[in-house]
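Take a look at the structure below.
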Amino acid sequence: NWRMGKLCFHVDEATLGNMLRPAPGREFQSISYTFAEFPDWYRTRETEYIPLTILPAQTLDGKNMSSVWRCIVDVCFTEFDFNLEKIGVTFEVIDARGGRTEYCLKAKYEATCADEKALKEIASTKGAGGFKCCQQCTNCYNGDPAASGDIVHYRDPDMKEFRRATPEMYHEMADRLADLVEAGCSKVVIAAHEQMFGLKYNPLGVLWDKRIRRIARVPETQVYDSQHSLFSSGGVFQYQVNAFTCELLENSDLSLADLDNSAQQIRFPRNYGKV
């Protein structure tokens, strides 16, 4: 018996002790994994993600993280040895009656869930520092929209105008940068193309390994962690709650005290913590 699963990674940076105290030596990058097929009751628990490795933040920067990620993908999907998608992992399951069943679990690279900073470092992109500031779009630029009818300014809220980027597009841009470096072009020329493409040239990174990049499929597999982009760490959810609260107070007889009293009546299981 064998099953094909979907392998999902999670990347997050954390600081031991007091997070408000600057101490680079206590910062680390946590990398874990899970499978999308796990049931809902398991995926909603704290143990959903299985630890893979922990790396000191001092050893990582924009280039090193992409190099580390290339090695992680290579270990999981080795070309001539262990390959999780082609060979898989064999294990034995013992049921309540003592019966033994052997299974082979195979999995393909499905997603990388992280905040924007980690996703940029993995993909060697510039983010807001490049003209093409969005990893997911081909025509979202930090520039003058009047320059071309195709270009959409990053402040434009109409997402219908955005065009989704593809892995093939990133492969082409990475190859063009590599060609410029091999041709001996000046740093000024290379920097101008990096700015235009929104990439940072890194020969040891994911996008410059032609086998690994076909597996990693940047940006198709990149998922922005909702805990960072919506609910915490400067996310936009707080502004949505504030707007909803203002609308509620203006169009009802409720007061802020009523909302506070209502929030105090909510009871969650102990492991959920406070609201």
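How things are named: the first chain in the structure tokens is A, the next is B, and so on; residues count from 1 in each chain; ligands count from 1 in the order shown.
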* Exercise: Glu48 (chain A) partners within 10 Å, only C-alpha atoms, chain neighbours under 6 positions left out, as an NGL selection string -> :A and (32-35 or 38-42)
Kindly save the residues from that selection, with C-alpha atoms included, as an mmCIF file, in the first residue's frame.
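Wrote part12.cif, looks like this:
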data_model
loop_
_atom_site.group_PDB
_atom_site.id
_atom_site.type_symbol
_atom_site.label_atom_id
_atom_site.label_comp_id
_atom_site.auth_asym_id
_atom_site.auth_seq_id
_atom_site.Cartn_x
_atom_site.Cartn_y
_atom_site.Cartn_z
ATOM 1 C CA SER A 32 9.208 22.490 10.327
ATOM 2 C CA TYR A 33 7.008 20.398 8.073
ATOM 3 C CA THR A 34 3.598 18.724 7.876
ATOM 4 C CA PHE A 35 1.329 16.993 5.381
ATOM 5 C CA PHE A 38 -3.648 15.368 8.053
ATOM 6 C CA PRO A 39 -7.220 15.615 9.437
ATOM 7 C CA ASP A 40 -8.636 18.923 10.667
ATOM 8 C CA TRP A 41 -8.477 17.911 14.331
ATOM 9 C CA TYR A 42 -4.717 17.393 13.977
#
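All residues within region 23-79 of chain A that the backbone DSSP calculation assigns to helix (DSSP H, G or I) are Pro24, Gly25, Arg26, Asp40, Trp41, Tyr42, Arg43, Ala57, Gln58, Thr59, Gly62, Lys63, Asn64, Met65, Ser66, Ser67, Val68, Trp69, Arg70, Cys71, Ile72, Val73, Asp74, Val75 and Cys76 of chain A.
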* For Arg163 (chain A), work out the shell of residues within 8 Å, counting only C-alpha atoms and skipping chain neighbours fewer than 2 positions away, then give it as a PyMOL selection string. => chain A and resi 137-140+161+165
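Residue nearest His171 (chain A) within the list A:Phe82, A:Tyr109, A:Phe197, A:Trp208: A:Trp208 [criterion: smallest interatomic distance, only C-alpha atoms].
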* To do: Return the single residue from A:His10, A:Arg21, A:Arg3, A:Arg70 that is closest to Arg213 (chain A), with distances computed using only C-alpha atoms.
  =>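 Comparing A:His10, A:Arg21, A:Arg3, A:Arg70 against Arg213 (chain A), the winner is A:Arg70.
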Near region 174-182 of chain A, within 10 Å and counting only C-alpha atoms, which residues show up once chain neighbours fewer than 3 positions away are dropped, as a compact mmCIF listing (two decimals) with C-alpha atoms, in the first residue's frame?
# COMPACT_ATOMS: atom_id res chain seq x y z
CA SER A 124 16.28 35.60 -3.43
CA GLU A 168 8.80 29.71 -15.72
CA MET A 169 8.91 33.49 -15.58
CA TYR A 170 11.23 33.38 -12.57
CA HIS A 171 13.42 30.79 -14.26
CA CYS A 185 28.93 42.68 -17.33
CA SER A 186 29.64 45.42 -14.83
CA LYS A 187 28.11 45.51 -11.36
CA VAL A 189 24.43 46.63 -15.27
CA ILE A 190 23.76 43.59 -13.08
CA ALA A 191 22.34 45.77 -10.29
CA HIS A 193 18.64 44.17 -13.97
CA GLU A 194 18.27 42.94 -10.39
CA PHE A 197 13.48 41.83 -12.06
CA LEU A 199 15.82 39.47 -7.80
CA LYS A 200 19.14 39.17 -5.98
CA TYR A 201 21.67 37.12 -7.94
CA ASN A 202 22.75 34.13 -5.88
CA PRO A 203 24.43 31.27 -7.79
CA VAL A 206 17.08 27.94 -5.32
CA LEU A 207 16.38 29.74 -8.60
CA TRP A 208 19.85 29.08 -10.01
CA ASP A 209 19.74 25.30 -9.55
CA LYS A 210 17.78 24.07 -12.57
* Near Met4 (chain A), within 7 Å and counting only C-alpha atoms, which residues show up once chain neighbours fewer than 2 positions away are dropped, as a list in words? ->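 My reading of the contact set: Trp2, Leu105, Lys106 and Ala107 of chain A.
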